[in-house]
file coords.csv (CSV, C-alpha atoms and all ligand atoms)
chain,number,residue,atom,x,y,z
A,1,MET,CA,-2.3,-40.6,-160.9
A,2,PRO,CA,0.8,-42.7,-161.6
A,3,VAL,CA,2.2,-42.8,-165.1
A,4,THR,CA,3.0,-46.2,-166.6
A,5,PRO,CA,6.0,-45.9,-169.0
A,6,THR,CA,5.5,-46.8,-172.6
A,7,ALA,CA,8.2,-47.5,-175.3
A,8,LYS,CA,8.8,-44.2,-176.9
A,9,ILE,CA,8.3,-40.4,-176.6
A,10,TRP,CA,8.5,-38.2,-179.7
A,11,MET,CA,10.8,-35.2,-179.1
A,12,ASP,CA,11.5,-32.6,-181.7
A,13,GLY,CA,11.1,-34.9,-184.7
A,14,HIS,CA,12.5,-38.2,-183.3
A,15,LEU,CA,11.2,-41.1,-181.3
A,16,VAL,CA,13.4,-41.5,-178.2
A,17,ASP,CA,13.3,-44.2,-175.5
A,18,TRP,CA,10.9,-43.3,-172.6
A,19,ASP,CA,13.8,-43.0,-170.1
A,20,ASP,CA,15.8,-40.8,-172.4
A,21,ALA,CA,13.1,-38.1,-172.8
A,22,ARG,CA,15.0,-35.5,-170.6
A,23,ILE,CA,15.4,-31.8,-170.5
A,24,HIS,CA,17.7,-29.3,-168.7
A,25,VAL,CA,16.6,-27.7,-165.4
A,26,LEU,CA,17.1,-24.3,-166.9
A,27,SER,CA,14.5,-24.9,-169.5
A,28,HIS,CA,12.5,-21.7,-169.8
A,29,THR,CA,9.0,-23.2,-169.3
A,30,LEU,CA,9.9,-24.9,-166.1
A,31,HIS,CA,10.6,-21.4,-164.5
A,32,TYR,CA,7.9,-19.2,-166.1
A,33,GLY,CA,5.2,-21.6,-167.1
A,34,CYS,CA,4.9,-20.4,-170.7
A,35,GLY,CA,4.0,-23.6,-172.7
A,36,VAL,CA,0.9,-25.1,-174.2
A,37,PHE,CA,-0.4,-28.7,-174.2
A,38,GLU,CA,-3.2,-31.0,-175.3
A,39,GLY,CA,-4.8,-34.1,-173.8
A,40,ILE,CA,-6.1,-36.6,-176.4
A,41,ARG,CA,-7.4,-40.2,-176.0
A,42,ALA,CA,-7.0,-43.2,-178.3
A,43,TYR,CA,-9.6,-45.9,-178.0
A,44,ALA,CA,-9.8,-49.6,-178.9
A,45,THR,CA,-12.2,-50.0,-181.9
A,46,ALA,CA,-13.0,-53.0,-184.0
A,47,ASP,CA,-10.5,-51.6,-186.6
A,48,GLY,CA,-7.7,-51.2,-184.0
A,49,PRO,CA,-6.7,-48.2,-182.0
A,50,ALA,CA,-8.3,-44.9,-183.1
A,51,ILE,CA,-7.4,-41.4,-181.9
A,52,PHE,CA,-10.4,-39.3,-181.1
A,53,ARG,CA,-10.7,-35.9,-182.9
A,54,LEU,CA,-6.9,-35.8,-183.5
A,55,SER,CA,-6.9,-32.9,-185.9
A,56,ASP,CA,-9.2,-30.8,-183.7
A,57,HIS,CA,-6.8,-31.3,-180.8
A,58,ILE,CA,-3.7,-30.4,-182.8
A,59,GLY,CA,-5.6,-27.4,-184.2
A,60,ARG,CA,-6.3,-26.2,-180.6
A,61,LEU,CA,-2.7,-26.8,-179.7
A,62,LEU,CA,-1.5,-24.5,-182.5
A,63,ARG,CA,-4.2,-21.9,-181.6
A,64,SER,CA,-3.0,-22.0,-177.9
A,65,ALA,CA,0.6,-21.5,-179.2
A,66,LYS,CA,-0.5,-18.6,-181.3
A,67,ILE,CA,-2.0,-16.8,-178.3
A,68,PHE,CA,1.4,-17.0,-176.5
A,69,LEU,CA,3.4,-16.1,-179.7
A,70,LEU,CA,5.1,-19.5,-179.6
A,71,ASP,CA,6.4,-20.2,-183.0
A,72,VAL,CA,5.9,-24.0,-183.3
A,73,PRO,CA,8.6,-25.5,-185.6
A,74,PHE,CA,6.3,-28.3,-186.9
A,75,SER,CA,3.2,-28.1,-189.2
A,76,GLU,CA,-0.2,-29.4,-188.2
A,77,GLU,CA,0.3,-32.4,-190.5
A,78,GLU,CA,3.7,-33.2,-189.0
A,79,LEU,CA,2.2,-33.1,-185.5
A,80,ILE,CA,-0.7,-35.3,-186.5
A,81,SER,CA,1.6,-38.0,-188.0
A,82,ALA,CA,4.0,-37.7,-185.0
A,83,THR,CA,1.0,-38.4,-182.6
A,84,VAL,CA,0.0,-41.5,-184.7
A,85,GLU,CA,3.7,-42.7,-184.6
A,86,VAL,CA,3.8,-42.4,-180.8
A,87,VAL,CA,0.6,-44.4,-180.3
A,88,ARG,CA,1.7,-47.0,-182.8
A,89,ALA,CA,5.1,-47.4,-181.1
A,90,SER,CA,3.4,-47.9,-177.7
A,91,GLY,CA,1.6,-51.0,-179.0
A,92,LEU,CA,-1.4,-50.0,-176.8
A,93,ASP,CA,-5.0,-50.3,-177.9
A,94,ALA,CA,-6.1,-47.4,-175.8
A,95,CYS,CA,-4.1,-44.6,-174.2
A,96,TYR,CA,-4.0,-40.9,-173.1
A,97,ILE,CA,-1.7,-38.7,-175.3
A,98,ARG,CA,0.0,-35.6,-174.1
A,99,PRO,CA,1.5,-33.2,-176.8
A,100,LEU,CA,3.5,-30.4,-175.1
A,101,VAL,CA,5.0,-27.3,-176.7
A,102,TYR,CA,7.6,-25.8,-174.3
A,103,LEU,CA,10.5,-23.4,-174.2
A,104,GLY,CA,13.8,-25.1,-173.8
A,105,TYR,CA,17.3,-24.3,-172.6
A,106,GLY,CA,19.5,-21.3,-173.4
A,107,GLU,CA,17.6,-18.2,-172.4
A,108,MET,CA,16.5,-16.9,-169.0
A,109,GLY,CA,14.4,-13.8,-168.2
A,110,LEU,CA,10.8,-13.1,-168.8
A,111,ASN,CA,10.9,-12.4,-172.5
A,112,PRO,CA,10.1,-15.8,-173.9
A,113,LEU,CA,10.6,-14.8,-177.6
A,114,PRO,CA,14.3,-15.7,-177.9
A,115,ALA,CA,13.9,-19.1,-176.2
A,116,PRO,CA,13.9,-22.3,-178.4
A,117,VAL,CA,10.4,-23.7,-179.0
A,118,GLN,CA,10.4,-27.5,-178.5
A,119,VAL,CA,7.7,-30.2,-178.8
A,120,SER,CA,7.2,-33.5,-177.2
A,121,ILE,CA,4.4,-36.1,-177.5
A,122,ALA,CA,4.0,-38.9,-175.0
A,123,CYS,CA,1.3,-41.5,-174.4
A,124,TRP,CA,0.5,-43.9,-171.6
A,125,PRO,CA,-2.4,-46.0,-170.3
A,126,TRP,CA,-4.8,-43.8,-168.2
A,127,GLY,CA,-8.0,-45.1,-166.6
A,128,ALA,CA,-11.1,-43.3,-165.4
A,129,TYR,CA,-9.8,-39.8,-164.5
A,130,LEU,CA,-12.4,-39.3,-161.7
A,131,GLY,CA,-12.6,-42.9,-160.7
A,132,GLU,CA,-14.9,-45.8,-161.9
A,133,GLU,CA,-17.3,-45.0,-159.1
A,134,GLY,CA,-17.5,-41.4,-160.2
A,135,THR,CA,-18.2,-42.4,-163.8
A,136,THR,CA,-21.0,-44.7,-162.8
A,137,SER,CA,-22.6,-43.0,-159.7
A,138,GLY,CA,-21.6,-39.4,-160.1
A,139,VAL,CA,-19.1,-37.0,-158.4
A,140,ARG,CA,-19.5,-34.6,-155.5
A,141,MET,CA,-18.6,-31.1,-156.5
A,142,LYS,CA,-17.6,-28.0,-154.5
A,143,ILE,CA,-17.7,-24.5,-155.8
A,144,SER,CA,-14.2,-23.2,-155.3
A,145,SER,CA,-13.1,-20.1,-153.4
A,146,TRP,CA,-10.6,-19.7,-156.3
A,147,GLN,CA,-12.0,-17.9,-159.3
A,148,ARG,CA,-11.4,-18.8,-162.9
A,149,HIS,CA,-8.9,-16.6,-164.7
A,150,ASP,CA,-9.9,-13.1,-165.7
A,151,PRO,CA,-9.5,-13.2,-169.5
A,152,ASN,CA,-7.2,-10.1,-169.3
A,153,ALA,CA,-5.0,-11.8,-166.7
A,154,MET,CA,-4.8,-15.2,-168.5
A,155,PRO,CA,-6.5,-16.2,-171.8
A,156,PRO,CA,-8.9,-19.0,-171.0
A,157,ALA,CA,-8.9,-20.1,-174.7
A,158,ALA,CA,-5.3,-21.1,-174.4
A,159,LYS,CA,-4.4,-24.4,-172.8
A,160,GLY,CA,-1.3,-23.0,-171.2
A,161,THR,CA,0.8,-25.0,-168.8
A,162,GLY,CA,1.3,-22.2,-166.2
A,163,MET,CA,-2.5,-21.5,-166.2
A,164,TYR,CA,-3.1,-24.8,-164.5
A,165,ILE,CA,-1.9,-23.6,-161.1
A,166,ASN,CA,-5.4,-22.1,-160.8
A,167,SER,CA,-6.9,-25.5,-161.5
A,168,SER,CA,-4.5,-27.3,-159.1
A,169,MET,CA,-5.3,-24.9,-156.3
A,170,ALA,CA,-9.1,-25.5,-156.8
A,171,LYS,CA,-8.6,-29.2,-157.0
A,172,VAL,CA,-6.6,-29.5,-153.8
A,173,GLU,CA,-9.1,-27.3,-152.0
A,174,ALA,CA,-12.0,-29.5,-153.1
A,175,LEU,CA,-10.1,-32.8,-152.2
A,176,LYS,CA,-9.1,-31.5,-148.8
A,177,ALA,CA,-12.7,-30.6,-148.1
A,178,GLY,CA,-13.8,-34.1,-148.9
A,179,TYR,CA,-15.2,-33.5,-152.4
A,180,ASP,CA,-14.2,-35.1,-155.7
A,181,GLU,CA,-13.8,-32.0,-157.9
A,182,ALA,CA,-14.2,-28.3,-158.0
A,183,ILE,CA,-16.4,-25.9,-160.0
A,184,LEU,CA,-14.8,-22.4,-160.7
A,185,LEU,CA,-16.8,-19.2,-161.1
A,186,SER,CA,-15.7,-16.4,-163.4
A,187,PRO,CA,-14.7,-13.0,-161.9
A,188,GLN,CA,-18.2,-11.9,-162.8
A,189,GLY,CA,-19.7,-14.7,-160.7
A,190,TYR,CA,-20.9,-16.9,-163.5
A,191,VAL,CA,-20.3,-20.6,-163.6
A,192,SER,CA,-17.2,-21.2,-165.7
A,193,GLU,CA,-16.0,-24.8,-165.7
A,194,CYS,CA,-14.2,-27.5,-163.5
A,195,THR,CA,-10.5,-27.9,-163.0
A,196,GLY,CA,-10.0,-30.0,-166.1
A,197,GLU,CA,-13.5,-30.4,-167.5
A,198,ASN,CA,-16.4,-28.4,-169.0
A,199,LEU,CA,-19.8,-28.5,-167.3
A,200,PHE,CA,-23.4,-29.1,-168.5
A,201,VAL,CA,-26.6,-28.4,-166.6
A,202,TYR,CA,-30.1,-29.7,-167.5
A,203,ARG,CA,-32.7,-27.5,-165.9
A,204,ARG,CA,-36.4,-27.0,-166.7
A,205,GLY,CA,-36.0,-28.8,-170.0
A,206,ARG,CA,-32.9,-26.9,-171.3
A,207,LEU,CA,-29.4,-28.4,-171.6
A,208,MET,CA,-26.9,-25.6,-171.0
A,209,THR,CA,-23.2,-25.1,-170.9
A,210,PRO,CA,-21.2,-21.9,-170.0
A,211,PRO,CA,-19.8,-20.0,-172.9
A,212,ALA,CA,-16.1,-19.3,-173.5
A,213,SER,CA,-16.7,-15.8,-172.3
A,214,ALA,CA,-17.3,-17.2,-168.8
A,215,GLY,CA,-13.7,-18.4,-168.8
A,216,ALA,CA,-14.3,-21.9,-170.0
A,217,LEU,CA,-11.9,-23.8,-172.3
A,218,GLU,CA,-13.5,-24.5,-175.7
A,219,GLY,CA,-13.7,-28.2,-175.0
A,220,ILE,CA,-13.6,-30.8,-177.7
A,221,THR,CA,-15.6,-33.2,-175.6
A,222,GLN,CA,-18.0,-30.3,-175.0
A,223,ALA,CA,-18.4,-29.8,-178.7
A,224,SER,CA,-18.9,-33.5,-179.2
A,225,VAL,CA,-21.6,-33.5,-176.5
A,226,ALA,CA,-23.3,-30.6,-178.3
A,227,GLU,CA,-23.5,-32.7,-181.5
A,228,ILE,CA,-24.6,-35.8,-179.8
A,229,ALA,CA,-27.3,-34.0,-177.7
A,230,ALA,CA,-28.6,-32.2,-180.9
A,231,ASP,CA,-28.9,-35.6,-182.6
A,232,LEU,CA,-30.8,-36.9,-179.5
A,233,GLY,CA,-33.2,-33.9,-179.9
A,234,GLU,CA,-31.8,-31.9,-177.0
A,235,PRO,CA,-29.9,-29.0,-178.5
A,236,VAL,CA,-27.3,-27.4,-176.2
A,237,VAL,CA,-27.7,-23.7,-175.3
A,238,GLU,CA,-24.6,-21.7,-174.3
A,239,ALA,CA,-25.7,-19.7,-171.2
A,240,ASN,CA,-24.3,-17.8,-168.3
A,241,LEU,CA,-25.2,-19.8,-165.2
A,242,LEU,CA,-25.5,-18.8,-161.6
A,243,ARG,CA,-24.5,-21.1,-158.8
A,244,SER,CA,-28.2,-21.4,-157.9
A,245,ASP,CA,-28.8,-22.8,-161.4
A,246,LEU,CA,-26.5,-25.6,-160.3
A,247,TYR,CA,-28.2,-26.1,-156.9
A,248,THR,CA,-31.6,-26.4,-158.6
A,249,ALA,CA,-30.5,-28.4,-161.7
A,250,ASP,CA,-32.4,-31.6,-162.7
A,251,GLU,CA,-29.2,-33.1,-164.1
A,252,ALA,CA,-25.6,-32.0,-164.4
A,253,PHE,CA,-22.5,-33.6,-165.8
A,254,LEU,CA,-19.0,-32.7,-166.7
A,255,SER,CA,-17.1,-33.4,-170.0
A,256,GLY,CA,-13.4,-33.7,-170.8
A,257,THR,CA,-10.9,-35.9,-172.7
A,258,ALA,CA,-9.5,-37.4,-169.6
A,259,ALA,CA,-12.7,-37.5,-167.5
A,260,GLU,CA,-15.0,-38.4,-170.5
A,261,ILE,CA,-18.6,-37.9,-169.4
A,262,VAL,CA,-19.1,-37.9,-165.6
A,263,PRO,CA,-22.4,-37.4,-163.8
A,264,ILE,CA,-22.6,-34.8,-161.0
A,265,SER,CA,-24.3,-36.2,-157.9
A,266,SER,CA,-24.2,-33.0,-155.8
A,267,VAL,CA,-22.9,-29.4,-155.7
A,268,ASP,CA,-22.1,-28.0,-152.3
A,269,ASP,CA,-24.0,-30.8,-150.7
A,270,ARG,CA,-27.2,-30.0,-152.7
A,271,PRO,CA,-28.2,-33.3,-154.5
A,272,ILE,CA,-28.6,-32.9,-158.3
A,273,GLY,CA,-32.1,-34.4,-159.0
A,274,ASP,CA,-32.4,-37.3,-156.7
A,275,GLY,CA,-28.6,-37.6,-156.4
A,276,SER,CA,-28.2,-40.4,-159.0
A,277,PRO,CA,-27.3,-39.9,-162.7
A,278,GLY,CA,-30.4,-38.7,-164.7
A,279,PRO,CA,-31.7,-40.2,-167.9
A,280,LEU,CA,-30.3,-37.6,-170.3
A,281,THR,CA,-26.9,-37.7,-168.7
A,282,ARG,CA,-26.8,-41.5,-169.0
A,283,GLN,CA,-27.9,-41.4,-172.6
A,284,ILE,CA,-25.2,-38.8,-173.6
A,285,GLN,CA,-22.6,-40.8,-171.6
A,286,ARG,CA,-23.5,-44.0,-173.4
A,287,THR,CA,-23.6,-42.4,-176.8
A,288,TYR,CA,-20.2,-40.7,-176.3
A,289,LEU,CA,-18.6,-44.0,-175.3
A,290,ASP,CA,-20.1,-45.8,-178.2
A,291,ALA,CA,-18.9,-43.0,-180.6
A,292,VAL,CA,-15.3,-43.0,-179.3
A,293,HIS,CA,-15.1,-46.8,-179.6
A,294,GLY,CA,-16.3,-46.7,-183.2
A,295,ARG,CA,-19.6,-48.4,-182.5
A,296,LEU,CA,-21.7,-45.7,-184.2
A,297,GLU,CA,-21.6,-45.1,-187.9
A,298,GLY,CA,-22.7,-41.5,-187.6
A,299,TYR,CA,-19.6,-40.4,-185.6
A,300,LYS,CA,-16.9,-42.4,-187.4
A,301,ASP,CA,-15.3,-39.3,-188.9
A,302,TRP,CA,-14.2,-38.3,-185.4
A,303,LEU,CA,-11.8,-41.3,-185.4
A,304,HIS,CA,-8.2,-41.3,-186.7
A,305,HIS,CA,-7.2,-44.9,-187.1
A,306,VAL,CA,-3.6,-45.8,-186.2
A,307,ARG,CA,-3.2,-48.9,-188.3
B,401,LIG,N1,-11.5,-27.3,-169.2
B,401,LIG,C1,-10.2,-27.4,-168.8
B,401,LIG,C2,-9.6,-26.4,-167.9
B,401,LIG,C3,-9.5,-28.5,-169.2
B,401,LIG,O1,-8.2,-28.7,-168.8
B,401,LIG,C4,-10.0,-29.5,-170.1
B,401,LIG,C5,-9.3,-30.7,-170.5
B,401,LIG,C6,-11.4,-29.3,-170.5
B,401,LIG,C7,-12.1,-28.2,-170.0
B,401,LIG,C8,-12.1,-30.2,-171.5
B,401,LIG,O2,-11.5,-30.1,-172.7
B,401,LIG,P1,-11.5,-31.3,-173.8
B,401,LIG,O3,-10.6,-32.3,-173.3
B,401,LIG,O4,-11.1,-30.7,-175.0
B,401,LIG,O5,-12.9,-31.8,-173.8
B,401,LIG,N2,-8.4,-31.2,-169.5
B,401,LIG,C9,-7.3,-32.1,-169.9
B,401,LIG,C10,-6.4,-32.2,-168.8
B,401,LIG,C11,-6.4,-33.3,-167.8
B,401,LIG,C12,-5.1,-33.4,-167.0
B,401,LIG,O6,-5.3,-33.7,-165.8
B,401,LIG,O7,-4.0,-33.1,-167.4
B,401,LIG,C13,-7.9,-33.4,-170.4
B,401,LIG,O8,-9.0,-33.8,-170.2
B,401,LIG,O9,-7.1,-34.1,-171.2

call {"tool": "encode", "arguments": {"input": "coords.csv", "output": "structure tokens"}}
result
Amino acid sequence: MPVTPTAKIWMDGHLVDWDDARIHVLSHTLHYGCGVFEGIRAYATADGPAIFRLSDHIGRLLRSAKIFLLDVPFSEEELISATVEVVRASGLDACYIRPLVYLGYGEMGLNPLPAPVQVSIACWPWGAYLGEEGTTSGVRMKISSWQRHDPNAMPPAAKGTGMYINSSMAKVEALKAGYDEAILLSPQGYVSECTGENLFVYRRGRLMTPPASAGALEGITQASVAEIAADLGEPVVEANLLRSDLYTADEAFLSGTAAEIVPISSVDDRPIGDGSPGPLTRQIQRTYLDAVHGRLEGYKDWLHHVR
């Protein structure tokens, strides 16, 4: 998906012009993939742009960094105000925000510890991640031949840059086979998540999502869905799911910052329900979109206003 430039990118404490946000080709992370990142969205609200669950995202960024022993030279508060600064400088009402912690220039070799830890935060306008059609009618999913990371090969709780090769391989496989998105299974054969989204299944009256122990990222949208669903009287249960639970689900949807809430219309060509988004999926999707746009009083503490 093409990126539209905005005014400024925050780099190591300063706002620089978009075209000047450059790094050296011998930057450590470019070679070995040891970096961590976040994806955050800001939404237009009646009180101006608001960043959704900003401190939760910065908290996860710092936890990801801790897992890889990356010593981030900025505090949580500094990263929160830097993110607000970038969004404000963009002049946009709504955007996608990408904080990145990476290892810069000066050291090569597999030991990352001596390399300088650097931080950038960029934002740009980003539309429906899986397409408008997918958001309204649902997406066609394929179970990938690629497995999710074994937790002792790559830590699924970390949002690590290099870890996304796994997601990209699954994504390409699904697209080339004519599907919209992939579902990955854990090495134990349980449903884990999608390439950049968590997954929910509604089956025989239970709304379920795979646990972190099945290799899923602890999604912030997933946690938001859990709160919304509980408020709607459908508490979410964390459960190990088999691929047959997907094939026989009454409803299924995926959740993520970029994707938001997207109904699943089929898995490996088995229609979910009658193949169109189910009532619970629609209700959760509508409530989520109302919440992020500040239209629901009960969820306003999720919003960090920019002005
Ligand atoms: N699992 C994975 C593997 C993942 O990358 C994401 C976010 C999620 C689950 C959902 O997490 P959360 O955003 O906290 O609800 N994926 C980001 C990457 C998108 C990209 O293409 O880059 C995102 O949605 O921002």

call {"tool": "atom_distance", "arguments": {"input": "coords.csv", "atom1": "CA of Val117 (chain A)", "atom2": "CA of Val87 (chain A)"}}
result
22.9 Å

call {"tool": "residues_around", "arguments": {"input": "coords.csv", "residues": "region 39-48 of chain A", "least_positions_apart": "2", "cutoff": "7 Å", "atoms": "only C-alpha atoms", "output": "list of chain:residue names"}}
result
A:Phe37, A:Ala50, A:Ile51, A:Phe52, A:His57, A:Asp93, A:Ala94, A:Cys95, A:Tyr96, A:Ile97, A:Arg98, A:Thr257, A:Val292, A:His293, A:Gly294, A:Arg307

call {"tool": "atom_distance", "arguments": {"input": "coords.csv", "atom1": "CA of Tyr299 (chain A)", "atom2": "CA of Val225 (chain A)"}}
result
11.6 Å

call {"tool": "residues_near_ligand", "arguments": {"input": "coords.csv", "ligand": "ligand LIG 401 (chain B)", "cutoff": "8 Å", "atoms": "all atoms listed in the file", "output": "number ranges by chain"}}
result
A: 38-41, 57, 96, 98, 129, 159, 164, 167, 193-198, 216-223, 255-260

call {"tool": "atom_distance", "arguments": {"input": "coords.csv", "atom1": "CA of Gly215 (chain A)", "atom2": "CA of Ser186 (chain A)"}}
result
6.1 Å

call {"tool": "closest_residue", "arguments": {"input": "coords.csv", "among": "A:Ala226, A:Ala182, A:Leu26, A:Ala21", "to": "Ser120 (chain A)", "atoms": "all atoms listed in the file"}}
result
A:Ala21

call {"tool": "residues_around", "arguments": {"input": "coords.csv", "residues": "Val237 (chain A)", "least_positions_apart": "2", "cutoff": "8 Å", "atoms": "only C-alpha atoms", "output": "ChimeraX atom specification"}}
result
/A:206-209,235,239

call {"tool": "axis_aligned_box", "arguments": {"input": "coords.csv", "around": "region 94-109 of chain A", "padding_each_side": "3 Å", "output": "AutoDock Vina command-line options"}}
result
--center_x 6.7 --center_y -30.6 --center_z -172.5 --size_x 31.6 --size_y 39.6 --size_z 14.6

call {"tool": "closest_residue", "arguments": {"input": "coords.csv", "among": "A:Leu241, A:Ile228, A:Ala82, A:Val267", "to": "Ser213 (chain A)", "atoms": "all atoms listed in the file"}}
result
A:Leu241

call {"tool": "closest_residue", "arguments": {"input": "coords.csv", "among": "A:Asp290, A:Pro155, A:Leu79, A:Val3", "to": "Leu62 (chain A)", "atoms": "all atoms listed in the file"}}
result
A:Leu79

call {"tool": "closest_atom_pairs", "arguments": {"input": "coords.csv", "of": "region 57-78 of chain A", "to": "region 110-115 of chain A", "cutoff": "10 Å", "atoms": "all atoms listed in the file", "output": "Markdown table"}}
result
| residue | atom | partner | partner_atom | distance |
| --- | --- | --- | --- | --- |
| A:Phe68 | CA | A:Pro112 | CA | 9.2 |
| A:Leu69 | CA | A:Leu113 | CA | 7.6 |
| A:Leu70 | CA | A:Leu113 | CA | 7.5 |
| A:Asp71 | CA | A:Leu113 | CA | 8.7 |

call {"tool": "write_last_selection", "arguments": {"input": "coords.csv", "atoms": "C-alpha atoms", "output": "mmCIF file, keeping the file's coordinate frame"}}
result
data_model
loop_
_atom_site.group_PDB
_atom_site.id
_atom_site.type_symbol
_atom_site.label_atom_id
_atom_site.label_comp_id
_atom_site.auth_asym_id
_atom_site.auth_seq_id
_atom_site.Cartn_x
_atom_site.Cartn_y
_atom_site.Cartn_z
ATOM 1 C CA PHE A 68 1.400 -17.000 -176.500
ATOM 2 C CA LEU A 69 3.400 -16.100 -179.700
ATOM 3 C CA LEU A 70 5.100 -19.500 -179.600
ATOM 4 C CA ASP A 71 6.400 -20.200 -183.000
#

call {"tool": "residues_around", "arguments": {"input": "coords.csv", "residues": "Glu76 (chain A)", "least_positions_apart": "5", "cutoff": "8 Å", "atoms": "all atoms listed in the file", "output": "count of residues only"}}
result
4

call {"tool": "residues_near_point", "arguments": {"input": "coords.csv", "point": "(-3.8, -44.5, -166.1)", "cutoff": "8 Å", "atoms": "all atoms listed in the file", "output": "VMD selection string"}}
result
chain A and resid 1 to 4 96 124 to 129

call {"tool": "closest_residue", "arguments": {"input": "coords.csv", "among": "A:Thr281, A:Gln118, A:Ser168, A:Asn240", "to": "Trp10 (chain A)", "atoms": "all atoms listed in the file"}}
result
A:Gln118

call {"tool": "closest_residue", "arguments": {"input": "coords.csv", "among": "A:Glu78, A:Glu227, A:Pro99, A:Arg243", "to": "Gly298 (chain A)", "atoms": "all atoms listed in the file"}}
result
A:Glu227

call {"tool": "residues_around", "arguments": {"input": "coords.csv", "residues": "Gly205 (chain A)", "least_positions_apart": "4", "cutoff": "12 Å", "atoms": "only C-alpha atoms", "output": "short mmCIF file (atom, residue, chain, number, x, y, z; two decimals) with C-alpha atoms, keeping the file's coordinate frame"}}
result
data_model
loop_
_atom_site.label_atom_id
_atom_site.label_comp_id
_atom_site.auth_asym_id
_atom_site.auth_seq_id
_atom_site.Cartn_x
_atom_site.Cartn_y
_atom_site.Cartn_z
CA VAL A 201 -26.60 -28.40 -166.60
CA GLY A 233 -33.20 -33.90 -179.90
CA GLU A 234 -31.80 -31.90 -177.00
CA PRO A 235 -29.90 -29.00 -178.50
CA VAL A 236 -27.30 -27.40 -176.20
CA VAL A 237 -27.70 -23.70 -175.30
CA ALA A 249 -30.50 -28.40 -161.70
CA ASP A 250 -32.40 -31.60 -162.70
CA GLU A 251 -29.20 -33.10 -164.10
CA LEU A 280 -30.30 -37.60 -170.30
#

call {"tool": "decode", "arguments": {"input": "coords.csv", "residues": "region 116-120 of chain A", "atoms": "all heavy atoms", "output": "CSV table (one decimal), in the first residue's frame"}}
result
chain,number,residue,atom,x,y,z
A,116,PRO,N,24.1,1.4,18.4
A,116,PRO,CA,23.2,2.5,18.9
A,116,PRO,C,21.7,2.2,18.7
A,116,PRO,O,21.3,1.8,17.6
A,116,PRO,CB,23.7,3.7,18.1
A,116,PRO,CG,24.3,3.1,16.9
A,116,PRO,CD,24.8,1.8,17.2
A,117,VAL,N,21.0,2.4,19.8
A,117,VAL,CA,19.5,2.3,19.7
A,117,VAL,C,18.9,3.6,19.3
A,117,VAL,O,19.1,4.6,19.9
A,117,VAL,CB,18.9,1.8,21.0
A,117,VAL,CG1,17.4,1.6,20.9
A,117,VAL,CG2,19.6,0.5,21.5
A,118,GLN,N,18.2,3.6,18.2
A,118,GLN,CA,17.5,4.8,17.6
A,118,GLN,C,16.0,4.7,17.5
A,118,GLN,O,15.5,3.5,17.5
A,118,GLN,CB,18.2,5.2,16.3
A,118,GLN,CG,19.7,5.5,16.4
A,118,GLN,CD,20.3,5.9,15.1
A,118,GLN,OE1,21.3,5.3,14.7
A,118,GLN,NE2,19.7,6.9,14.5
A,119,VAL,N,15.4,5.8,17.5
A,119,VAL,CA,13.9,5.8,17.5
A,119,VAL,C,13.4,6.7,16.4
A,119,VAL,O,13.9,7.9,16.3
A,119,VAL,CB,13.3,6.2,18.8
A,119,VAL,CG1,11.8,6.0,18.8
A,119,VAL,CG2,13.9,5.3,20.0
A,120,SER,N,12.4,6.3,15.6
A,120,SER,CA,11.7,7.2,14.7
A,120,SER,C,10.2,7.0,14.9
A,120,SER,O,9.8,5.9,15.3
A,120,SER,CB,12.1,6.9,13.2
A,120,SER,OG,11.7,5.6,12.8
